[in-house]
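Here's model_13.cif, which has mmCIF, C-alpha atoms and all ligand atoms:
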data_model
loop_
_atom_site.label_atom_id
_atom_site.label_comp_id
_atom_site.auth_asym_id
_atom_site.auth_seq_id
_atom_site.Cartn_x
_atom_site.Cartn_y
_atom_site.Cartn_z
CA MET T 1 29.46 -0.82 -6.24
CA ILE T 2 26.18 -0.49 -4.40
CA ASN T 3 24.63 -2.90 -1.96
CA CYS T 4 21.12 -4.32 -2.14
CA LEU T 5 18.85 -2.60 0.39
CA LEU T 6 17.24 -5.89 1.37
CA CYS T 7 19.98 -8.56 1.54
CA LEU T 8 22.89 -6.09 1.75
CA GLN T 9 24.87 -8.06 -0.84
CA PRO T 10 26.72 -6.10 -3.55
CA VAL T 11 24.58 -5.57 -6.64
CA LYS T 12 26.32 -6.92 -9.76
CA GLN T 13 26.68 -4.36 -12.49
CA SER T 14 25.16 -5.96 -15.58
CA ALA T 15 24.17 -4.39 -18.88
CA SER T 16 20.72 -3.64 -17.48
CA TRP T 17 22.34 -2.10 -14.43
CA GLU T 18 24.33 0.19 -16.71
CA LEU T 19 21.17 1.03 -18.60
CA SER T 20 19.17 1.88 -15.50
CA TRP T 21 22.08 3.96 -14.26
CA PHE T 22 22.10 5.74 -17.61
CA LEU T 23 18.36 6.36 -17.31
CA SER T 24 19.11 7.63 -13.79
CA GLU T 25 16.87 5.13 -12.13
CA GLU T 26 18.22 4.27 -8.75
CA VAL T 27 19.18 0.63 -8.36
CA LEU T 28 18.06 -0.31 -4.88
CA CYS T 29 17.74 -4.07 -4.91
CA CYS T 30 19.60 -7.08 -6.32
CA SER T 31 17.86 -9.24 -8.92
CA ASP T 32 17.48 -12.15 -6.45
CA CYS T 33 15.51 -9.99 -4.05
CA ILE T 34 13.42 -8.46 -6.84
CA ALA T 35 12.57 -12.01 -7.94
CA GLY T 36 11.35 -12.80 -4.40
CA PHE T 37 8.37 -10.52 -4.93
CA GLU T 38 5.68 -12.19 -7.07
CA LYS T 39 3.73 -9.85 -9.29
CA LEU T 40 -0.04 -10.26 -9.37
CA THR T 41 -0.53 -11.05 -13.02
CA GLY T 42 -4.14 -12.10 -13.18
CA PRO T 43 -6.83 -12.74 -14.08
CA LEU T 44 -7.74 -10.67 -11.04
CA CYS T 45 -10.97 -9.92 -9.21
CA ASN T 46 -12.32 -6.61 -10.55
CA MET T 47 -13.00 -5.41 -7.05
CA CYS T 48 -10.09 -6.45 -4.85
CA SER T 49 -7.25 -7.58 -7.18
CA ARG T 50 -7.18 -11.09 -5.76
CA GLU T 51 -6.29 -13.75 -8.34
CA SER T 52 -9.66 -14.99 -9.57
CA SER T 53 -11.03 -16.45 -12.78
CA ASP T 54 -14.44 -14.94 -11.95
CA GLU T 55 -15.08 -11.25 -12.48
CA PHE T 56 -15.54 -10.94 -8.72
CA CYS T 57 -13.85 -13.35 -6.30
CA LYS T 58 -15.88 -15.19 -3.70
CA ASP T 59 -14.87 -12.67 -1.00
CA CYS T 60 -16.35 -9.83 -3.00
CA GLN T 61 -19.50 -11.40 -4.42
CA GLY T 62 -22.53 -9.90 -2.75
CA ARG T 63 -20.43 -7.73 -0.44
CA GLU T 64 -21.23 -4.06 -0.07
CA PHE T 65 -18.31 -1.78 -0.64
CA PHE T 66 -17.78 1.93 -0.25
CA LEU T 67 -14.49 1.39 -2.04
CA ASP T 68 -15.02 1.37 -5.81
CA SER T 69 -12.06 -0.87 -6.62
CA ASN T 70 -8.66 -1.94 -5.40
CA ARG T 71 -5.48 -2.69 -7.33
CA SER T 72 -2.53 -4.46 -5.73
CA LEU T 73 0.91 -5.04 -7.21
CA TYR T 74 2.40 -8.12 -5.52
CA GLN T 75 1.38 -11.25 -3.72
CA TYR T 76 1.81 -11.12 0.02
CA ASN T 77 4.07 -14.18 -0.03
CA ASP T 78 6.64 -15.21 2.58
CA PHE T 79 9.27 -12.95 1.06
CA ALA T 80 6.86 -10.02 1.23
CA LYS T 81 6.00 -10.86 4.84
CA GLU T 82 9.70 -10.78 5.75
CA TYR T 83 10.00 -7.48 3.96
CA MET T 84 7.08 -5.97 5.87
CA LYS T 85 8.48 -7.26 9.15
CA LYS T 86 11.75 -5.46 8.48
CA PHE T 87 10.10 -2.32 7.24
CA LYS T 88 7.11 -1.87 9.51
CA PHE T 89 7.94 -3.65 12.72
CA GLN T 90 11.72 -3.34 12.85
CA GLY T 91 11.51 0.19 11.50
CA ASP T 92 13.91 -0.18 8.57
CA TYR T 93 12.61 3.06 7.05
CA ILE T 94 14.94 3.14 4.04
CA ILE T 95 13.60 -0.04 2.39
CA GLY T 96 10.26 1.69 1.85
CA ALA T 97 11.90 3.10 -1.27
CA ILE T 98 12.12 -0.11 -3.27
CA PHE T 99 8.71 0.11 -4.96
CA GLN T 100 9.17 3.72 -6.07
CA LYS T 101 9.46 2.93 -9.77
CA GLU T 102 6.20 1.02 -9.96
CA LEU T 103 4.33 3.42 -7.75
CA LYS T 104 5.42 6.39 -9.85
CA LYS T 105 4.31 4.55 -12.97
CA TYR T 106 0.92 3.62 -11.52
CA PHE T 107 0.14 7.06 -10.16
CA ALA T 108 1.34 8.78 -13.32
CA ALA T 109 -1.26 6.79 -15.26
CA ASN T 110 -3.97 7.51 -12.66
CA LYS T 111 -3.82 11.24 -12.06
CA THR T 112 -5.92 11.42 -8.92
CA THR T 113 -5.34 12.79 -5.44
CA ILE T 114 -3.44 10.19 -3.38
CA VAL T 115 -4.58 9.79 0.20
CA PRO T 116 -2.46 7.53 2.43
CA ILE T 117 -4.11 5.32 5.02
CA PRO T 118 -3.16 6.97 8.31
CA VAL T 119 -1.99 5.37 11.53
CA SER T 120 -3.08 6.76 14.89
CA GLU T 121 -0.78 9.26 16.63
CA VAL T 122 -0.05 6.65 19.29
CA ARG T 123 1.08 4.10 16.70
CA LYS T 124 3.14 6.69 14.87
CA LEU T 125 5.00 7.53 18.05
CA GLU T 126 5.64 3.84 18.77
CA ARG T 127 6.93 3.08 15.30
CA GLY T 128 8.50 6.44 14.55
CA PHE T 129 6.76 6.73 11.18
CA ASN T 130 3.62 5.95 9.22
CA GLN T 131 4.51 3.23 6.74
CA THR T 132 2.22 4.50 3.98
CA THR T 133 3.47 8.10 3.98
CA ALA T 134 7.03 6.77 4.35
CA ILE T 135 6.69 4.80 1.12
CA LEU T 136 5.12 7.76 -0.73
CA ASN T 137 7.76 10.17 0.58
CA GLN T 138 10.55 7.91 -0.56
CA SER T 139 8.93 7.64 -3.98
CA ASN T 140 8.69 11.45 -4.27
CA LEU T 141 4.93 11.24 -4.70
CA HIS T 142 2.68 14.09 -3.65
CA TYR T 143 -0.22 13.13 -1.40
CA GLU T 144 -2.89 14.73 0.80
CA GLU T 145 -3.36 13.55 4.36
CA LEU T 146 -7.13 13.96 4.36
CA LEU T 147 -7.78 11.11 6.75
CA ALA T 148 -6.90 10.67 10.39
CA LYS T 149 -7.26 7.62 12.57
CA LYS T 150 -8.48 7.18 16.12
CA HIS T 151 -6.36 4.91 18.26
CA SER T 152 -7.72 1.39 18.62
CA GLU T 153 -6.49 -2.09 19.46
CA LYS T 154 -3.73 -3.44 17.22
CA GLN T 155 -5.32 -4.92 14.09
CA SER T 156 -2.93 -7.86 13.89
CA LYS T 157 -4.09 -9.05 17.33
CA LYS T 158 -7.67 -9.42 16.14
CA THR T 159 -9.07 -12.32 14.15
CA LYS T 160 -10.15 -12.00 10.54
CA ARG T 161 -13.83 -11.94 11.51
CA GLU T 162 -13.26 -9.22 14.07
CA ARG T 163 -11.33 -7.21 11.53
CA LEU T 164 -14.19 -7.42 9.05
CA GLU T 165 -16.49 -6.00 11.66
CA THR T 166 -14.22 -3.21 12.86
CA GLU T 167 -16.02 -0.02 13.77
CA GLN T 168 -15.25 3.24 11.98
CA VAL T 169 -11.81 4.46 13.05
CA PHE T 170 -11.20 7.01 10.29
CA TYR T 171 -12.38 10.57 10.01
CA VAL T 172 -11.78 13.31 7.48
CA ASP T 173 -9.24 15.74 8.86
CA GLU T 174 -9.84 18.71 6.57
CA GLU T 175 -12.63 20.19 4.56
CA ILE T 176 -12.53 18.67 1.10
CA GLY T 177 -13.06 21.37 -1.49
CA SER T 178 -15.03 19.81 -4.29
CA SER T 179 -17.60 17.07 -3.88
CA GLU T 180 -16.60 15.81 -7.36
CA LYS T 181 -13.19 14.84 -6.13
CA GLU T 182 -11.83 11.43 -6.91
CA ILE T 183 -9.37 9.82 -4.56
CA ILE T 184 -6.93 6.93 -4.64
CA LEU T 185 -6.23 5.53 -1.21
CA PHE T 186 -2.78 4.08 -0.67
CA ASP T 187 -1.96 1.29 1.78
CA ASP T 188 0.77 -1.32 2.17
CA ILE T 189 -1.39 -4.46 2.31
CA TYR T 190 -4.93 -5.41 1.35
CA THR T 191 -6.00 -8.16 3.75
CA THR T 192 -9.77 -8.29 4.18
CA GLY T 193 -10.38 -4.91 2.58
CA SER T 194 -12.11 -3.59 5.70
CA THR T 195 -9.49 -0.90 6.42
CA LEU T 196 -9.74 0.54 2.91
CA ASN T 197 -13.49 0.18 2.93
CA LEU T 198 -13.84 2.13 6.18
CA ALA T 199 -11.53 4.82 4.84
CA ALA T 200 -13.59 4.98 1.63
CA GLN T 201 -16.77 5.26 3.70
CA ALA T 202 -15.40 8.22 5.68
CA LEU T 203 -14.40 9.98 2.44
CA LYS T 204 -17.69 9.31 0.69
CA GLU T 205 -19.67 10.55 3.67
CA SER T 206 -17.78 13.82 3.35
CA GLY T 207 -18.79 14.10 -0.31
CA VAL T 208 -16.09 12.34 -2.34
CA LYS T 209 -17.67 10.65 -5.34
CA LYS T 210 -15.16 7.99 -6.30
CA VAL T 211 -12.67 6.20 -4.08
CA SER T 212 -10.32 3.52 -5.39
CA SER T 213 -7.16 2.16 -3.83
CA LEU T 214 -3.69 0.89 -4.53
CA THR T 215 -1.80 -1.42 -2.22
CA ILE T 216 1.63 -2.96 -2.68
CA PHE T 217 0.61 -6.39 -1.43
CA ARG T 218 -2.50 -8.53 -1.66
ZN ZN W 1 19.19 -8.53 -2.41
ZN ZN W 2 -12.37 -9.83 -4.80
#

Using structure tokens, write down the structure from this file.
Amino acid sequence: MINCLLCLQPVKQSASWELSWFLSEEVLCCSDCIAGFEKLTGPLCNMCSRESSDEFCKDCQGREFFLDSNRSLYQYNDFAKEYMKKFKFQGDYIIGAIFQKELKKYFAANKTTIVPIPVSEVRKLERGFNQTTAILNQSNLHYEELLAKKHSEKQSKKTKRERLETEQVFYVDEEIGSSEKEIILFDDIYTTGSTLNLAAQALKESGVKKVSSLTIFR
């Protein structure tokens, strides 16, 4: 018997549990917790993955992006907010593993260099880990830490408007070999898109041609 990583209740062994065990997929979560996450099913904005019947949602219409497109997997609902609180702010490192199956599937279909959104060294020391690399590590996904981040005020303390206007905090840490290189940025949450857009700007200014992104929540 295993226990759900999120609610810690024993996971019932059903036929599908047996099957996933047979396929050697790790069962990490109970079905109640899995059901708490709402998949973004669409129609979605072509740019930012927000649910939208228009090709581009009203946030994205007429906005200039360095980021070519974003895809997100789940709605940032109350359940997801609780999850992020546990993971990111209470430092429950192990639960970063629960999206591994979907991430592996997505990145297998999009064979591009994965670049995690970095946190500043100060933040990393405070929290003990970078949430984006933690999730990728626990999913056994290879990534390149091409970006670094200067330390700035905590994002969550700023208003939405201020966040949209944030100055450039990212810089490219290494020489990128080919200017043809395509990159997929990886982050936990897409909020206003400004973080990913600034990261995309830094990469494009160093010669990367195409920068898209994947986030778990939107
Ligand atoms: Zn559970
Ligand atoms: Zn949009």

Residue neighbourhood Thr132 in chain T, 8 Å, all atoms listed in the file, exclusion window fewer than 5 positions, as a list in words: Pro116, Ile117, Pro118, Phe186, Asp187 and Asp188 of chain T

Test item: axis-aligned box, all listed atoms of range 98-106 of chain T, 5 Å on each side, centre and edges in Å rounded to one decimal, as AutoDock Vina command-line options:
--center_x 6.5 --center_y 3.1 --center_z -8.1 --size_x 21.2 --size_y 16.5 --size_z 19.7

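The environment of range 213-217 of chain T within 7 Å, counting all atoms listed in the file and disregarding residues fewer than 6 places along the same chain, consists of Ser69, Asn70, Arg71, Ser72, Leu73, Tyr74, Gln75, Tyr76, Ile184, Leu185, Phe186, Asp187, Asp188, Ile189 and Tyr190 of chain T.
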
Expected answer as a VMD selection string: residues within 7 Å of ligand ZN 1 (chain W), all atoms listed in the file: chain T and resid 4 to 9 29 to 33

Can you work out which residues are within 9 Å of ligand ZN 2 (chain W), considering all atoms listed in the file, and then hand them over as a compact mmCIF listing (two decimals) with C-alpha atoms, keeping the file's coordinate frame?
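Generated output (out-v1.txt):
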# COMPACT_ATOMS: atom_id res chain seq x y z
CA LEU T 44 -7.74 -10.67 -11.04
CA CYS T 45 -10.97 -9.92 -9.21
CA ASN T 46 -12.32 -6.61 -10.55
CA MET T 47 -13.00 -5.41 -7.05
CA CYS T 48 -10.09 -6.45 -4.85
CA SER T 49 -7.25 -7.58 -7.18
CA ARG T 50 -7.18 -11.09 -5.76
CA GLU T 51 -6.29 -13.75 -8.34
CA SER T 52 -9.66 -14.99 -9.57
CA GLU T 55 -15.08 -11.25 -12.48
CA PHE T 56 -15.54 -10.94 -8.72
CA CYS T 57 -13.85 -13.35 -6.30
CA LYS T 58 -15.88 -15.19 -3.70
CA ASP T 59 -14.87 -12.67 -1.00
CA CYS T 60 -16.35 -9.83 -3.00
CA GLN T 61 -19.50 -11.40 -4.42
CA ASN T 70 -8.66 -1.94 -5.40

Between CA of Glu144 in chain T and CA of Thr113 in chain T, distance in Å (one decimal): 7.0 Å
